[in-house]
Amino acid sequence: MMVLLRYISMQHDPIITLLLSHILPKVVSENFELVNITDEPMEGSPVIHLHLEEHNRPPEDFPDAIPNGFYEASIVGDFPMRDKAVMLHLKRRRWKDSSGKSIPSRSYQLAADGTRLSCEFADFLKEYP
């Protein structure tokens with residue numbers, strides 16, 4: 001596996017932010033930050049892996065929440081790019097309150113029901129059998 005890019009700060013680079021807002025599903029580009037890209041040159045079906053972490057913004061109901069690491073990444077297939085499959089590795093944040101008690105994390109519709117595909121990609125595939 002080849003590392004293409006590591007630790008891109010979307011907040012500090014408006015060009016990358018704009019590009020990713022056109023490439024990624026809206027819910028992902030608005031709530032996650034790209035931290036790594038890897039390229040897996042597999043024979044017949046190469047794959048681009050985009051690794052994203054949820055922004056460090058406390059849930060609305062808990063403005064004083066403290067970040068407490070990440071859940072295991074959810075892997076979701078998205079639209080292919082340049083004849084390569086695209087896999088989004090999405091890590092949502094864990095949160096705790098000031099006493100150390102876990103609090104609920106945000107819930108996102110990252111994949112279409114019953115699939116491991118982004119909602120937009122699943123909708124596209126339904127339209128074109």
# chains A, B, ... in the order shown; residues from 1 in each chain; ligands from 1

call {"tool": "residues_around", "arguments": {"residues": "range 105-109 of chain A", "least_positions_apart": "6", "cutoff": "8 Å", "atoms": "only C-alpha atoms", "output": "PyMOL selection string"}}
result
chain A and resi 27+59+92-95+119

call {"tool": "write_last_selection", "arguments": {"atoms": "all heavy atoms", "output": "compact mmCIF listing (two decimals), in the first residue's frame"}}
result
# COMPACT_ATOMS: atom_id res chain seq x y z
N VAL A 27 -22.45 15.11 3.64
CA VAL A 27 -22.37 14.88 5.09
C VAL A 27 -20.92 14.61 5.52
O VAL A 27 -20.50 14.99 6.60
CB VAL A 27 -23.31 13.73 5.54
CG1 VAL A 27 -22.86 12.39 4.99
CG2 VAL A 27 -23.43 13.68 7.05
N PRO A 59 -20.83 17.75 20.40
CA PRO A 59 -22.25 17.66 20.04
C PRO A 59 -23.01 18.88 20.56
O PRO A 59 -22.68 19.42 21.62
CB PRO A 59 -22.72 16.38 20.74
CG PRO A 59 -21.47 15.59 20.95
CD PRO A 59 -20.37 16.60 21.15
N ARG A 92 -15.58 8.29 13.67
CA ARG A 92 -16.37 9.23 14.47
C ARG A 92 -15.73 9.38 15.85
O ARG A 92 -15.14 8.45 16.38
CB ARG A 92 -17.80 8.73 14.62
CG ARG A 92 -18.56 8.75 13.31
CD ARG A 92 -20.00 8.32 13.47
NE ARG A 92 -20.41 8.32 14.85
CZ ARG A 92 -20.97 7.27 15.48
NH1 ARG A 92 -21.22 6.17 14.86
NH2 ARG A 92 -21.29 7.32 16.74
N ARG A 93 -15.88 10.56 16.43
CA ARG A 93 -15.29 10.85 17.74
C ARG A 93 -16.12 10.27 18.87
O ARG A 93 -17.33 10.18 18.80
CB ARG A 93 -15.18 12.36 17.97
CG ARG A 93 -14.08 12.98 17.17
CD ARG A 93 -13.79 14.39 17.65
NE ARG A 93 -12.76 14.95 16.83
CZ ARG A 93 -11.46 14.80 17.05
NH1 ARG A 93 -11.05 14.14 18.10
NH2 ARG A 93 -10.57 15.33 16.23
N ARG A 94 -15.41 9.91 19.94
CA ARG A 94 -16.04 9.58 21.22
C ARG A 94 -15.96 10.85 22.06
O ARG A 94 -15.03 11.64 21.93
CB ARG A 94 -15.27 8.48 21.95
CG ARG A 94 -15.33 7.13 21.28
CD ARG A 94 -14.50 6.15 22.12
NE ARG A 94 -14.29 4.92 21.44
CZ ARG A 94 -15.02 3.83 21.62
NH1 ARG A 94 -16.00 3.83 22.49
NH2 ARG A 94 -14.76 2.74 20.96
N TRP A 95 -16.93 11.03 22.95
CA TRP A 95 -16.96 12.21 23.80
C TRP A 95 -17.21 11.81 25.25
O TRP A 95 -17.81 10.78 25.53
CB TRP A 95 -18.08 13.16 23.34
CG TRP A 95 -17.87 13.67 21.96
CD1 TRP A 95 -18.40 13.15 20.81
CD2 TRP A 95 -17.06 14.76 21.56
NE1 TRP A 95 -17.96 13.87 19.72
CE2 TRP A 95 -17.15 14.88 20.16
CE3 TRP A 95 -16.27 15.68 22.26
CZ2 TRP A 95 -16.48 15.86 19.44
CZ3 TRP A 95 -15.61 16.67 21.54
CH2 TRP A 95 -15.72 16.74 20.15
N CYS A 119 -24.77 6.97 0.50
CA CYS A 119 -26.17 7.14 0.07
C CYS A 119 -26.25 7.58 -1.39
O CYS A 119 -27.05 7.04 -2.16
CB CYS A 119 -26.87 8.15 0.97
SG CYS A 119 -26.98 7.61 2.69

call {"tool": "residues_around", "arguments": {"residues": "range 63-75 of chain A", "least_positions_apart": "6", "cutoff": "9 Å", "atoms": "only C-alpha atoms", "output": "PDB file with N, CA and C atoms, in the first residue's frame"}}
result
ATOM      1  N   HIS A  51      -8.957   8.319   4.298  1.00  0.00           N
ATOM      2  CA  HIS A  51      -9.121   8.188   5.752  1.00  0.00           C
ATOM      3  C   HIS A  51      -9.546   9.536   6.311  1.00  0.00           C
ATOM      4  N   LEU A  52     -10.701   9.545   6.969  1.00  0.00           N
ATOM      5  CA  LEU A  52     -11.259  10.797   7.481  1.00  0.00           C
ATOM      6  C   LEU A  52     -11.616  10.659   8.953  1.00  0.00           C
ATOM      7  N   GLU A  53     -11.446  11.754   9.691  1.00  0.00           N
ATOM      8  CA  GLU A  53     -11.800  11.793  11.107  1.00  0.00           C
ATOM      9  C   GLU A  53     -12.810  12.906  11.331  1.00  0.00           C
ATOM     10  N   GLU A  54     -13.762  12.649  12.217  1.00  0.00           N
ATOM     11  CA  GLU A  54     -14.778  13.651  12.525  1.00  0.00           C
ATOM     12  C   GLU A  54     -14.121  14.890  13.110  1.00  0.00           C
ATOM     13  N   ASN A  56     -13.356  18.098  15.381  1.00  0.00           N
ATOM     14  CA  ASN A  56     -13.342  18.216  16.839  1.00  0.00           C
ATOM     15  C   ASN A  56     -14.339  19.301  17.269  1.00  0.00           C
ATOM     16  N   ARG A  57     -15.632  19.025  17.034  1.00  0.00           N
ATOM     17  CA  ARG A  57     -16.709  19.938  17.426  1.00  0.00           C
ATOM     18  C   ARG A  57     -17.643  19.173  18.342  1.00  0.00           C
ATOM     19  N   MET A  87     -12.791   3.868  -1.225  1.00  0.00           N
ATOM     20  CA  MET A  87     -13.280   3.451   0.084  1.00  0.00           C
ATOM     21  C   MET A  87     -13.046   4.592   1.074  1.00  0.00           C
ATOM     22  N   LEU A  88     -14.108   5.001   1.754  1.00  0.00           N
ATOM     23  CA  LEU A  88     -14.012   6.037   2.775  1.00  0.00           C
ATOM     24  C   LEU A  88     -13.903   5.358   4.131  1.00  0.00           C
ATOM     25  N   HIS A  89     -12.844   5.665   4.863  1.00  0.00           N
ATOM     26  CA  HIS A  89     -12.643   5.139   6.220  1.00  0.00           C
ATOM     27  C   HIS A  89     -12.991   6.277   7.174  1.00  0.00           C
ATOM     28  N   LEU A  90     -14.173   6.191   7.781  1.00  0.00           N
ATOM     29  CA  LEU A  90     -14.723   7.294   8.563  1.00  0.00           C
ATOM     30  C   LEU A  90     -14.661   6.990  10.054  1.00  0.00           C
ATOM     31  N   LYS A  91     -13.902   7.810  10.768  1.00  0.00           N
ATOM     32  CA  LYS A  91     -13.758   7.631  12.218  1.00  0.00           C
ATOM     33  C   LYS A  91     -14.540   8.723  12.945  1.00  0.00           C
ATOM     34  N   ARG A  92     -15.582   8.292  13.672  1.00  0.00           N
ATOM     35  CA  ARG A  92     -16.368   9.234  14.469  1.00  0.00           C
ATOM     36  C   ARG A  92     -15.730   9.379  15.846  1.00  0.00           C
ATOM     37  N   ARG A  93     -15.875  10.561  16.428  1.00  0.00           N
ATOM     38  CA  ARG A  93     -15.292  10.846  17.745  1.00  0.00           C
ATOM     39  C   ARG A  93     -16.117  10.265  18.875  1.00  0.00           C
ATOM     40  N   ARG A  94     -15.412   9.908  19.937  1.00  0.00           N
ATOM     41  CA  ARG A  94     -16.036   9.583  21.223  1.00  0.00           C
ATOM     42  C   ARG A  94     -15.957  10.849  22.057  1.00  0.00           C
ATOM     43  N   TRP A  95     -16.925  11.029  22.948  1.00  0.00           N
ATOM     44  CA  TRP A  95     -16.961  12.210  23.803  1.00  0.00           C
ATOM     45  C   TRP A  95     -17.209  11.809  25.247  1.00  0.00           C
ATOM     46  N   LYS A  96     -16.745  12.637  26.165  1.00  0.00           N
ATOM     47  CA  LYS A  96     -17.038  12.449  27.585  1.00  0.00           C
ATOM     48  C   LYS A  96     -17.307  13.819  28.193  1.00  0.00           C
ATOM     49  N   ASP A  97     -17.994  13.795  29.340  1.00  0.00           N
ATOM     50  CA  ASP A  97     -18.231  15.063  30.033  1.00  0.00           C
ATOM     51  C   ASP A  97     -17.087  15.332  31.003  1.00  0.00           C
ATOM     52  N   SER A  98     -17.153  16.424  31.736  1.00  0.00           N
ATOM     53  CA  SER A  98     -16.046  16.813  32.623  1.00  0.00           C
ATOM     54  C   SER A  98     -15.802  15.815  33.747  1.00  0.00           C
ATOM     55  N   GLY A 100     -15.895  12.603  33.217  1.00  0.00           N
ATOM     56  CA  GLY A 100     -15.340  11.406  32.579  1.00  0.00           C
ATOM     57  C   GLY A 100     -16.394  10.437  32.073  1.00  0.00           C
ATOM     58  N   SER A 102     -19.111   8.925  29.597  1.00  0.00           N
ATOM     59  CA  SER A 102     -19.338   8.943  28.142  1.00  0.00           C
ATOM     60  C   SER A 102     -20.667   9.609  27.829  1.00  0.00           C
ATOM     61  N   ILE A 103     -20.677  10.364  26.741  1.00  0.00           N
ATOM     62  CA  ILE A 103     -21.910  10.999  26.282  1.00  0.00           C
ATOM     63  C   ILE A 103     -22.147  10.598  24.830  1.00  0.00           C
ATOM     64  N   LEU A 110     -24.239   7.707   6.986  1.00  0.00           N
ATOM     65  CA  LEU A 110     -23.031   7.605   6.169  1.00  0.00           C
ATOM     66  C   LEU A 110     -23.170   6.585   5.042  1.00  0.00           C
ATOM     67  N   ARG A 116     -23.079  -0.994   2.338  1.00  0.00           N
ATOM     68  CA  ARG A 116     -21.861  -0.334   2.799  1.00  0.00           C
ATOM     69  C   ARG A 116     -21.418   0.676   1.740  1.00  0.00           C
ATOM     70  N   LEU A 117     -22.420   1.291   1.095  1.00  0.00           N
ATOM     71  CA  LEU A 117     -22.179   2.282   0.047  1.00  0.00           C
ATOM     72  C   LEU A 117     -22.709   3.627   0.518  1.00  0.00           C
TER      73      LEU A 117
END

call {"tool": "select_by_dssp", "arguments": {"residues": "chain A", "states": "strand (DSSP E or B)", "output": "PyMOL selection string"}}
result
chain A and resi 2-6+32-40+47-54+66-70+74-81+84-91+93-96+102-103+117

call {"tool": "select_by_dssp", "arguments": {"residues": "range 7-126 of chain A", "states": "helix (DSSP H, G or I)", "output": "NGL selection string"}}
result
:A and (14-23 or 26-31 or 119-126)

call {"tool": "atom_distance", "arguments": {"atom1": "CA of Leu34 in chain A", "atom2": "CA of Gly77 in chain A"}}
result
15.7 Å

call {"tool": "closest_residue", "arguments": {"among": "A:Leu125, A:Val86, A:Ile16, A:Ala111", "to": "Glu33 in chain A", "atoms": "only C-alpha atoms"}}
result
A:Ile16

call {"tool": "decode", "arguments": {"residues": "range 42-67 of chain A", "atoms": "N, CA, C and O atoms", "output": "PDB file, in the first residue's frame"}}
result
ATOM      1  N   MET A  42      -4.168  -2.958  -6.752  1.00  0.00           N
ATOM      2  CA  MET A  42      -4.532  -4.368  -6.879  1.00  0.00           C
ATOM      3  C   MET A  42      -4.757  -4.693  -8.351  1.00  0.00           C
ATOM      4  O   MET A  42      -5.288  -3.871  -9.096  1.00  0.00           O
ATOM      5  N   GLU A  43      -4.370  -5.863  -8.743  1.00  0.00           N
ATOM      6  CA  GLU A  43      -4.531  -6.273 -10.134  1.00  0.00           C
ATOM      7  C   GLU A  43      -6.015  -6.342 -10.482  1.00  0.00           C
ATOM      8  O   GLU A  43      -6.798  -7.025  -9.832  1.00  0.00           O
ATOM      9  N   GLY A  44      -6.405  -5.585 -11.480  1.00  0.00           N
ATOM     10  CA  GLY A  44      -7.783  -5.596 -11.935  1.00  0.00           C
ATOM     11  C   GLY A  44      -8.716  -4.654 -11.203  1.00  0.00           C
ATOM     12  O   GLY A  44      -9.708  -4.219 -11.742  1.00  0.00           O
ATOM     13  N   SER A  45      -8.433  -4.341  -9.948  1.00  0.00           N
ATOM     14  CA  SER A  45      -9.339  -3.456  -9.204  1.00  0.00           C
ATOM     15  C   SER A  45      -8.576  -2.615  -8.182  1.00  0.00           C
ATOM     16  O   SER A  45      -8.651  -2.856  -6.988  1.00  0.00           O
ATOM     17  N   PRO A  46      -7.812  -1.619  -8.646  1.00  0.00           N
ATOM     18  CA  PRO A  46      -7.088  -0.768  -7.707  1.00  0.00           C
ATOM     19  C   PRO A  46      -8.064   0.032  -6.836  1.00  0.00           C
ATOM     20  O   PRO A  46      -9.192   0.306  -7.251  1.00  0.00           O
ATOM     21  N   VAL A  47      -7.619   0.369  -5.626  1.00  0.00           N
ATOM     22  CA  VAL A  47      -8.483   1.037  -4.659  1.00  0.00           C
ATOM     23  C   VAL A  47      -7.778   2.263  -4.080  1.00  0.00           C
ATOM     24  O   VAL A  47      -6.594   2.213  -3.746  1.00  0.00           O
ATOM     25  N   ILE A  48      -8.533   3.357  -3.962  1.00  0.00           N
ATOM     26  CA  ILE A  48      -8.063   4.542  -3.248  1.00  0.00           C
ATOM     27  C   ILE A  48      -8.774   4.542  -1.896  1.00  0.00           C
ATOM     28  O   ILE A  48     -10.000   4.430  -1.837  1.00  0.00           O
ATOM     29  N   HIS A  49      -7.992   4.648  -0.819  1.00  0.00           N
ATOM     30  CA  HIS A  49      -8.551   4.688   0.531  1.00  0.00           C
ATOM     31  C   HIS A  49      -8.416   6.114   1.058  1.00  0.00           C
ATOM     32  O   HIS A  49      -7.302   6.637   1.170  1.00  0.00           O
ATOM     33  N   LEU A  50      -9.552   6.745   1.368  1.00  0.00           N
ATOM     34  CA  LEU A  50      -9.563   8.078   1.964  1.00  0.00           C
ATOM     35  C   LEU A  50      -9.889   7.913   3.445  1.00  0.00           C
ATOM     36  O   LEU A  50     -10.961   7.404   3.792  1.00  0.00           O
ATOM     37  N   HIS A  51      -8.957   8.319   4.298  1.00  0.00           N
ATOM     38  CA  HIS A  51      -9.121   8.188   5.752  1.00  0.00           C
ATOM     39  C   HIS A  51      -9.546   9.536   6.311  1.00  0.00           C
ATOM     40  O   HIS A  51      -8.826  10.529   6.139  1.00  0.00           O
ATOM     41  N   LEU A  52     -10.701   9.545   6.969  1.00  0.00           N
ATOM     42  CA  LEU A  52     -11.259  10.797   7.481  1.00  0.00           C
ATOM     43  C   LEU A  52     -11.616  10.659   8.953  1.00  0.00           C
ATOM     44  O   LEU A  52     -12.030   9.589   9.407  1.00  0.00           O
ATOM     45  N   GLU A  53     -11.446  11.754   9.691  1.00  0.00           N
ATOM     46  CA  GLU A  53     -11.800  11.793  11.107  1.00  0.00           C
ATOM     47  C   GLU A  53     -12.810  12.906  11.331  1.00  0.00           C
ATOM     48  O   GLU A  53     -12.718  13.980  10.717  1.00  0.00           O
ATOM     49  N   GLU A  54     -13.762  12.649  12.217  1.00  0.00           N
ATOM     50  CA  GLU A  54     -14.778  13.651  12.525  1.00  0.00           C
ATOM     51  C   GLU A  54     -14.121  14.890  13.110  1.00  0.00           C
ATOM     52  O   GLU A  54     -13.184  14.800  13.901  1.00  0.00           O
ATOM     53  N   HIS A  55     -14.633  16.056  12.716  1.00  0.00           N
ATOM     54  CA  HIS A  55     -14.117  17.318  13.246  1.00  0.00           C
ATOM     55  C   HIS A  55     -14.223  17.331  14.767  1.00  0.00           C
ATOM     56  O   HIS A  55     -15.092  16.689  15.343  1.00  0.00           O
ATOM     57  N   ASN A  56     -13.356  18.098  15.381  1.00  0.00           N
ATOM     58  CA  ASN A  56     -13.342  18.216  16.839  1.00  0.00           C
ATOM     59  C   ASN A  56     -14.339  19.301  17.269  1.00  0.00           C
ATOM     60  O   ASN A  56     -13.955  20.345  17.779  1.00  0.00           O
ATOM     61  N   ARG A  57     -15.632  19.025  17.034  1.00  0.00           N
ATOM     62  CA  ARG A  57     -16.709  19.938  17.426  1.00  0.00           C
ATOM     63  C   ARG A  57     -17.643  19.173  18.342  1.00  0.00           C
ATOM     64  O   ARG A  57     -18.256  18.182  17.920  1.00  0.00           O
ATOM     65  N   PRO A  58     -17.786  19.611  19.596  1.00  0.00           N
ATOM     66  CA  PRO A  58     -18.660  18.889  20.531  1.00  0.00           C
ATOM     67  C   PRO A  58     -20.101  18.814  20.020  1.00  0.00           C
ATOM     68  O   PRO A  58     -20.556  19.711  19.304  1.00  0.00           O
ATOM     69  N   PRO A  59     -20.825  17.754  20.402  1.00  0.00           N
ATOM     70  CA  PRO A  59     -22.249  17.663  20.035  1.00  0.00           C
ATOM     71  C   PRO A  59     -23.012  18.879  20.558  1.00  0.00           C
ATOM     72  O   PRO A  59     -22.681  19.423  21.616  1.00  0.00           O
ATOM     73  N   GLU A  60     -24.024  19.304  19.816  1.00  0.00           N
ATOM     74  CA  GLU A  60     -24.777  20.512  20.165  1.00  0.00           C
ATOM     75  C   GLU A  60     -25.359  20.448  21.580  1.00  0.00           C
ATOM     76  O   GLU A  60     -25.399  21.450  22.281  1.00  0.00           O
ATOM     77  N   ASP A  61     -25.823  19.272  22.000  1.00  0.00           N
ATOM     78  CA  ASP A  61     -26.441  19.124  23.324  1.00  0.00           C
ATOM     79  C   ASP A  61     -25.420  19.127  24.460  1.00  0.00           C
ATOM     80  O   ASP A  61     -25.802  19.209  25.633  1.00  0.00           O
ATOM     81  N   PHE A  62     -24.136  19.009  24.125  1.00  0.00           N
ATOM     82  CA  PHE A  62     -23.076  18.939  25.141  1.00  0.00           C
ATOM     83  C   PHE A  62     -21.918  19.859  24.743  1.00  0.00           C
ATOM     84  O   PHE A  62     -20.844  19.388  24.375  1.00  0.00           O
ATOM     85  N   PRO A  63     -22.102  21.172  24.815  1.00  0.00           N
ATOM     86  CA  PRO A  63     -21.067  22.101  24.337  1.00  0.00           C
ATOM     87  C   PRO A  63     -19.745  22.020  25.107  1.00  0.00           C
ATOM     88  O   PRO A  63     -18.710  22.422  24.592  1.00  0.00           O
ATOM     89  N   ASP A  64     -19.767  21.470  26.335  1.00  0.00           N
ATOM     90  CA  ASP A  64     -18.546  21.349  27.129  1.00  0.00           C
ATOM     91  C   ASP A  64     -17.921  19.964  27.045  1.00  0.00           C
ATOM     92  O   ASP A  64     -17.040  19.625  27.837  1.00  0.00           O
ATOM     93  N   ALA A  65     -18.371  19.155  26.086  1.00  0.00           N
ATOM     94  CA  ALA A  65     -17.854  17.795  25.937  1.00  0.00           C
ATOM     95  C   ALA A  65     -16.363  17.811  25.624  1.00  0.00           C
ATOM     96  O   ALA A  65     -15.853  18.729  24.985  1.00  0.00           O
ATOM     97  N   ILE A  66     -15.694  16.759  26.069  1.00  0.00           N
ATOM     98  CA  ILE A  66     -14.250  16.607  25.885  1.00  0.00           C
ATOM     99  C   ILE A  66     -14.019  15.433  24.935  1.00  0.00           C
ATOM    100  O   ILE A  66     -14.596  14.365  25.127  1.00  0.00           O
ATOM    101  N   PRO A  67     -13.170  15.602  23.892  1.00  0.00           N
ATOM    102  CA  PRO A  67     -12.887  14.477  22.993  1.00  0.00           C
ATOM    103  C   PRO A  67     -12.279  13.311  23.764  1.00  0.00           C
ATOM    104  O   PRO A  67     -11.481  13.502  24.679  1.00  0.00           O
TER     105      PRO A  67
END
